[in-house]
file upload-v4.txt (compact mmCIF, C-alpha atoms)
# COMPACT_ATOMS: atom_id res chain seq x y z
CA MET A 1 -33.84 -151.23 -30.76
CA SER A 2 -35.48 -148.61 -28.64
CA ILE A 3 -33.26 -149.54 -25.67
CA LYS A 4 -30.09 -149.10 -27.77
CA LEU A 5 -31.32 -145.73 -29.04
CA ASN A 6 -32.22 -144.61 -25.51
CA THR A 7 -28.76 -145.66 -24.22
CA ALA A 8 -27.03 -143.86 -27.08
CA LYS A 9 -28.98 -140.66 -26.31
CA ARG A 10 -28.05 -140.89 -22.63
CA LEU A 11 -24.41 -141.52 -23.47
CA THR A 12 -24.33 -138.60 -25.89
CA LEU A 13 -26.03 -136.35 -23.36
CA SER A 14 -23.52 -137.42 -20.67
CA VAL A 15 -20.57 -136.66 -22.97
CA VAL A 16 -22.02 -133.25 -23.89
CA ILE A 17 -22.59 -132.41 -20.19
CA ALA A 18 -19.03 -133.56 -19.28
CA ILE A 19 -17.57 -131.39 -22.07
CA PHE A 20 -19.71 -128.43 -20.96
CA LEU A 21 -18.64 -128.83 -17.31
CA ALA A 22 -14.97 -129.15 -18.29
CA CYS A 23 -15.22 -125.94 -20.35
CA ALA A 24 -16.97 -124.15 -17.48
CA LEU A 25 -14.25 -125.30 -15.06
CA CYS A 26 -11.52 -124.07 -17.43
CA ILE A 27 -13.21 -120.68 -17.88
CA THR A 28 -13.77 -120.27 -14.13
CA THR A 29 -10.16 -121.23 -13.32
CA TYR A 30 -8.85 -118.81 -15.95
CA ALA A 31 -11.09 -116.01 -14.66
CA LEU A 32 -10.03 -116.60 -11.06
CA PHE A 33 -6.35 -116.73 -11.95
CA TYR A 34 -6.59 -113.66 -14.13
CA ALA A 35 -8.43 -111.71 -11.40
CA THR A 36 -5.90 -112.51 -8.69
CA VAL A 37 -2.81 -111.91 -10.81
CA THR A 38 -3.73 -108.73 -12.63
CA VAL A 39 -5.38 -106.60 -9.96
CA GLU A 40 -3.78 -103.24 -10.64
CA GLY A 41 -3.17 -100.24 -8.41
CA ASN A 42 -1.80 -102.06 -5.36
CA TYR A 43 1.65 -101.03 -4.17
CA PHE A 44 3.53 -102.51 -1.27
CA LYS A 45 6.85 -101.36 0.08
CA THR A 46 8.82 -102.86 2.93
CA GLY A 47 11.40 -101.08 4.99
CA ILE A 48 13.76 -101.67 7.86
CA VAL A 49 13.93 -100.49 11.43
CA SER A 50 17.53 -100.05 12.52
CA ILE A 51 19.05 -97.90 15.22
CA ASP A 52 22.60 -97.19 16.32
CA LEU A 53 22.98 -97.06 20.10
CA ASN A 54 26.26 -95.33 20.92
CA GLY A 55 28.12 -97.11 18.16
CA GLY A 56 27.85 -100.33 20.17
CA LYS A 57 30.24 -98.94 22.80
CA PRO A 58 29.52 -99.11 26.54
CA VAL A 59 28.37 -95.90 28.16
CA ILE A 60 30.29 -96.62 31.33
CA GLU A 61 33.29 -98.94 31.55
CA GLU A 62 33.90 -101.51 34.25
CA HIS A 63 36.09 -100.08 37.05
CA GLU A 64 35.70 -96.54 35.63
CA TYR A 65 34.21 -95.21 38.87
CA LEU A 66 34.16 -96.23 42.49
CA PHE A 67 30.81 -94.93 43.68
CA GLU A 68 30.29 -93.55 47.17
CA PRO A 69 27.23 -92.00 48.85
CA GLY A 70 26.33 -88.58 47.42
CA MET A 71 28.24 -89.12 44.18
CA THR A 72 26.70 -88.32 40.78
CA VAL A 73 28.17 -89.32 37.42
CA GLU A 74 26.85 -88.22 34.03
CA LYS A 75 27.81 -90.07 30.85
CA PRO A 76 26.84 -88.94 27.34
CA PHE A 77 25.66 -91.37 24.66
CA TYR A 78 23.59 -91.23 21.50
CA ILE A 79 20.86 -92.97 19.57
CA LYS A 80 20.63 -92.62 15.78
CA ASN A 81 17.81 -93.69 13.49
CA GLN A 82 19.22 -95.68 10.57
CA SER A 83 15.77 -96.89 9.52
CA THR A 84 13.85 -96.15 6.35
CA TRP A 85 11.09 -94.45 8.37
CA ALA A 86 10.65 -92.36 11.52
CA VAL A 87 10.57 -94.46 14.70
CA TYR A 88 9.41 -94.49 18.28
CA TYR A 89 12.15 -95.67 20.63
CA LYS A 90 12.73 -96.64 24.21
CA ILE A 91 15.91 -96.98 26.24
CA TYR A 92 16.10 -99.69 28.90
CA PHE A 93 18.39 -101.94 30.92
CA ASP A 94 18.78 -105.67 30.40
CA ASN A 95 20.86 -108.40 32.10
CA VAL A 96 20.98 -106.37 35.31
CA VAL A 97 23.19 -107.96 37.97
CA GLY A 98 24.48 -106.71 41.32
CA GLY A 99 23.38 -105.24 44.62
CA LEU A 100 23.53 -101.64 43.35
CA ALA A 101 20.67 -102.42 40.94
CA ASP A 102 18.20 -101.24 43.60
CA VAL A 103 20.44 -98.52 45.09
CA LEU A 104 21.72 -96.27 42.30
CA GLU A 105 19.21 -93.72 41.02
CA ILE A 106 19.46 -93.66 37.23
CA THR A 107 18.10 -90.94 34.97
CA VAL A 108 18.08 -90.90 31.17
CA LEU A 109 18.05 -87.31 29.91
CA ASP A 110 17.44 -85.67 26.55
CA GLY A 111 18.96 -82.27 27.36
CA ASP A 112 17.02 -81.12 30.43
CA LYS A 113 14.08 -83.39 29.66
CA VAL A 114 13.84 -86.58 31.76
CA LEU A 115 13.01 -89.59 29.59
CA TYR A 116 13.32 -92.24 32.30
CA LYS A 117 14.10 -92.30 36.00
CA GLY A 118 14.44 -95.19 38.43
CA THR A 119 16.79 -97.94 39.50
CA ALA A 120 18.38 -100.39 37.07
CA ASN A 121 15.92 -103.07 38.20
CA ASN A 122 12.99 -100.75 37.37
CA LEU A 123 14.21 -99.54 33.97
CA THR A 124 13.52 -102.80 32.15
CA ARG A 125 12.00 -103.34 28.71
CA GLN A 126 8.65 -104.24 30.28
CA ASN A 127 8.55 -101.17 32.53
CA VAL A 128 9.62 -98.33 30.26
CA ILE A 129 7.44 -96.77 27.61
CA ALA A 130 8.37 -95.13 24.32
CA ALA A 131 9.93 -91.69 24.46
CA ASP A 132 7.48 -88.89 23.70
CA ASP A 133 9.33 -87.68 20.60
CA ILE A 134 9.83 -89.63 17.41
CA LEU A 135 13.26 -90.08 15.92
CA LEU A 136 13.28 -89.02 12.27
CA VAL A 137 15.18 -90.87 9.54
CA GLY A 138 18.90 -90.15 9.95
CA GLU A 139 18.34 -88.18 13.17
CA LYS A 140 20.92 -88.53 15.93
CA ARG A 141 19.88 -87.64 19.46
CA ASN A 142 22.52 -86.97 22.12
CA LEU A 143 21.36 -88.25 25.51
CA THR A 144 22.84 -88.43 29.00
CA LEU A 145 22.83 -91.28 31.49
CA ARG A 146 23.03 -89.99 35.09
CA PHE A 147 23.96 -92.27 37.98
CA HIS A 148 23.38 -90.96 41.51
CA TYR A 149 24.37 -92.81 44.67
CA PRO A 150 21.93 -91.55 47.35
CA GLU A 151 23.54 -89.91 50.36
CA ASP A 152 21.42 -91.90 52.80
CA SER A 153 22.61 -95.27 51.45
CA GLY A 154 25.36 -95.44 54.04
CA ASN A 155 27.97 -98.15 54.10
CA ALA A 156 25.60 -101.10 53.87
CA SER A 157 26.15 -101.29 50.12
CA GLN A 158 29.95 -101.19 50.27
CA ASN A 159 31.63 -103.47 47.72
CA TRP A 160 28.41 -103.94 45.80
CA GLN A 161 28.44 -103.79 42.03
CA LEU A 162 26.16 -103.12 39.11
CA ARG A 163 26.43 -104.71 35.69
CA PHE A 164 23.91 -104.14 32.89
CA ASP A 165 23.38 -103.91 29.16
CA LEU A 166 22.02 -100.60 27.92
CA CYS A 167 19.49 -101.39 25.20
CA ALA A 168 17.16 -99.59 22.83
CA ASP A 169 14.12 -100.80 20.91
CA ALA A 170 12.51 -99.01 18.01
CA VAL A 171 9.33 -99.44 15.98
CA GLN A 172 8.13 -97.53 12.97
CA GLU A 173 5.99 -94.51 13.63
CA LYS A 174 3.84 -94.83 10.49
CA ASN A 175 0.53 -96.67 11.08
CA ASN A 176 1.45 -97.20 14.74
CA PRO A 177 -0.43 -94.56 16.75
CA ASN A 178 -0.36 -96.64 19.95
CA LYS A 179 3.44 -97.05 19.87
CA ASP A 180 3.11 -100.83 19.91
CA PHE A 181 6.47 -102.58 20.36
CA ASP A 182 5.17 -106.15 20.08
call {"tool": "encode", "arguments": {"input": "upload-v4.txt", "output": "structure tokens"}}
result
Amino acid sequence: MSIKLNTAKRLTLSVVIAIFLACALCITTYALFYATVTVEGNYFKTGIVSIDLNGGKPVIEEHEYLFEPGMTVEKPFYIKNQSTWAVYYKIYFDNVVGGLADVLEITVLDGDKVLYKGTANNLTRQNVIAADDILLVGEKRNLTLRFHYPEDSGNASQNWQLRFDLCADAVQEKNNPNKDFD
């Protein structure tokens, strides 16, 4: 009889412990869920970074100019911030093709201020840095692209061409003091 009584006590104790552990698990799960769902005072807002580069139109058309040594051409274009926040931006060349890529001296100007200067092969996304000034929300900046064919180039580059895509990248200014574009 004592063995049956001992077994019954153990079984009862096991059931009570199982019920206690199940209740503890339910309470812990509820507390964890409640804590992660109802934390108040946090506010997140997302935005967009969007810029308009010259309305998508080329700055210089194919066959618009026949360059010769000593010639300089200036073409206006613009960049406009259509983002929800102020941005850092950089202007660069991509898909550069042609022998004039290392001959023509190219300058990107903001009024009299030089933003970038070099050849088309040098003004790539990897080589240029962000402009010094930020572009505010809705701000449109009129810029100039200057092409200069050096006088000392001679006739060696006759019949050479240059083809490129003018590009711009932008990143938000807020919480980005290092102007990181990655």
call {"tool": "residues_around", "arguments": {"input": "upload-v4.txt", "residues": "A:Gly47", "least_positions_apart": "2", "cutoff": "12 Å", "atoms": "all atoms listed in the file", "output": "list in words"}}
result
Phe44, Lys45, Val49, Ser50, Gln82, Ser83, Thr84, Trp85, Ala86, Val87, Val137, Val171, Gln172 and Lys174 of chain A
call {"tool": "residues_around", "arguments": {"input": "upload-v4.txt", "residues": "A:Val96", "least_positions_apart": "2", "cutoff": "7 Å", "atoms": "all atoms listed in the file", "output": "ChimeraX atom specification"}}
result
/A:93-94,98,101,120-121,163-164
call {"tool": "atom_distance", "arguments": {"input": "upload-v4.txt", "atom1": "atom CA of A:Leu166", "atom2": "atom CA of A:Val103"}}
result
17.4 Å
call {"tool": "closest_residue", "arguments": {"input": "upload-v4.txt", "among": "A:Leu109, A:Val59, A:Cys167, A:Ile48", "to": "A:Arg141", "atoms": "all atoms listed in the file"}}
result
A:Leu109
call {"tool": "residues_around", "arguments": {"input": "upload-v4.txt", "residues": "stretch 149-153 of chain A", "least_positions_apart": "5", "cutoff": "6 Å", "atoms": "only C-alpha atoms", "output": "PyMOL selection string"}}
result
chain A and resi 69-71+104
call {"tool": "closest_residue", "arguments": {"input": "upload-v4.txt", "among": "A:Thr29, A:Thr124, A:Asn95, A:Thr144", "to": "A:Tyr78", "atoms": "only C-alpha atoms"}}
result
A:Thr144
call {"tool": "atom_distance", "arguments": {"input": "upload-v4.txt", "atom1": "atom CA of A:Asn142", "atom2": "atom CA of A:Phe67"}}
result
24.4 Å
call {"tool": "atom_distance", "arguments": {"input": "upload-v4.txt", "atom1": "atom CA of A:Lys90", "atom2": "atom CA of A:Val128"}}
result
7.0 Å
call {"tool": "closest_residue", "arguments": {"input": "upload-v4.txt", "among": "A:Ala168, A:Ile106, A:Leu136, A:Ala18", "to": "A:Asn122", "atoms": "only C-alpha atoms"}}
result
A:Ile106
call {"tool": "residues_around", "arguments": {"input": "upload-v4.txt", "residues": "stretch 133-135 of chain A", "least_positions_apart": "3", "cutoff": "8 Å", "atoms": "all atoms listed in the file", "output": "list in words"}}
result
Lys80, Asn81, Ala86, Val87, Tyr88, Tyr89, Glu139, Lys140, Arg141 and Glu173 of chain A
call {"tool": "residues_around", "arguments": {"input": "upload-v4.txt", "residues": "A:Arg146", "least_positions_apart": "2", "cutoff": "6 Å", "atoms": "only C-alpha atoms", "output": "PyMOL selection string"}}
result
chain A and resi 73-74+106-107
call {"tool": "residues_near_point", "arguments": {"input": "upload-v4.txt", "point": "(28.0, -103.8, 23.9)", "cutoff": "8 Å", "atoms": "only C-alpha atoms", "output": "PyMOL selection string"}}
result
chain A and resi 56-58+165-166
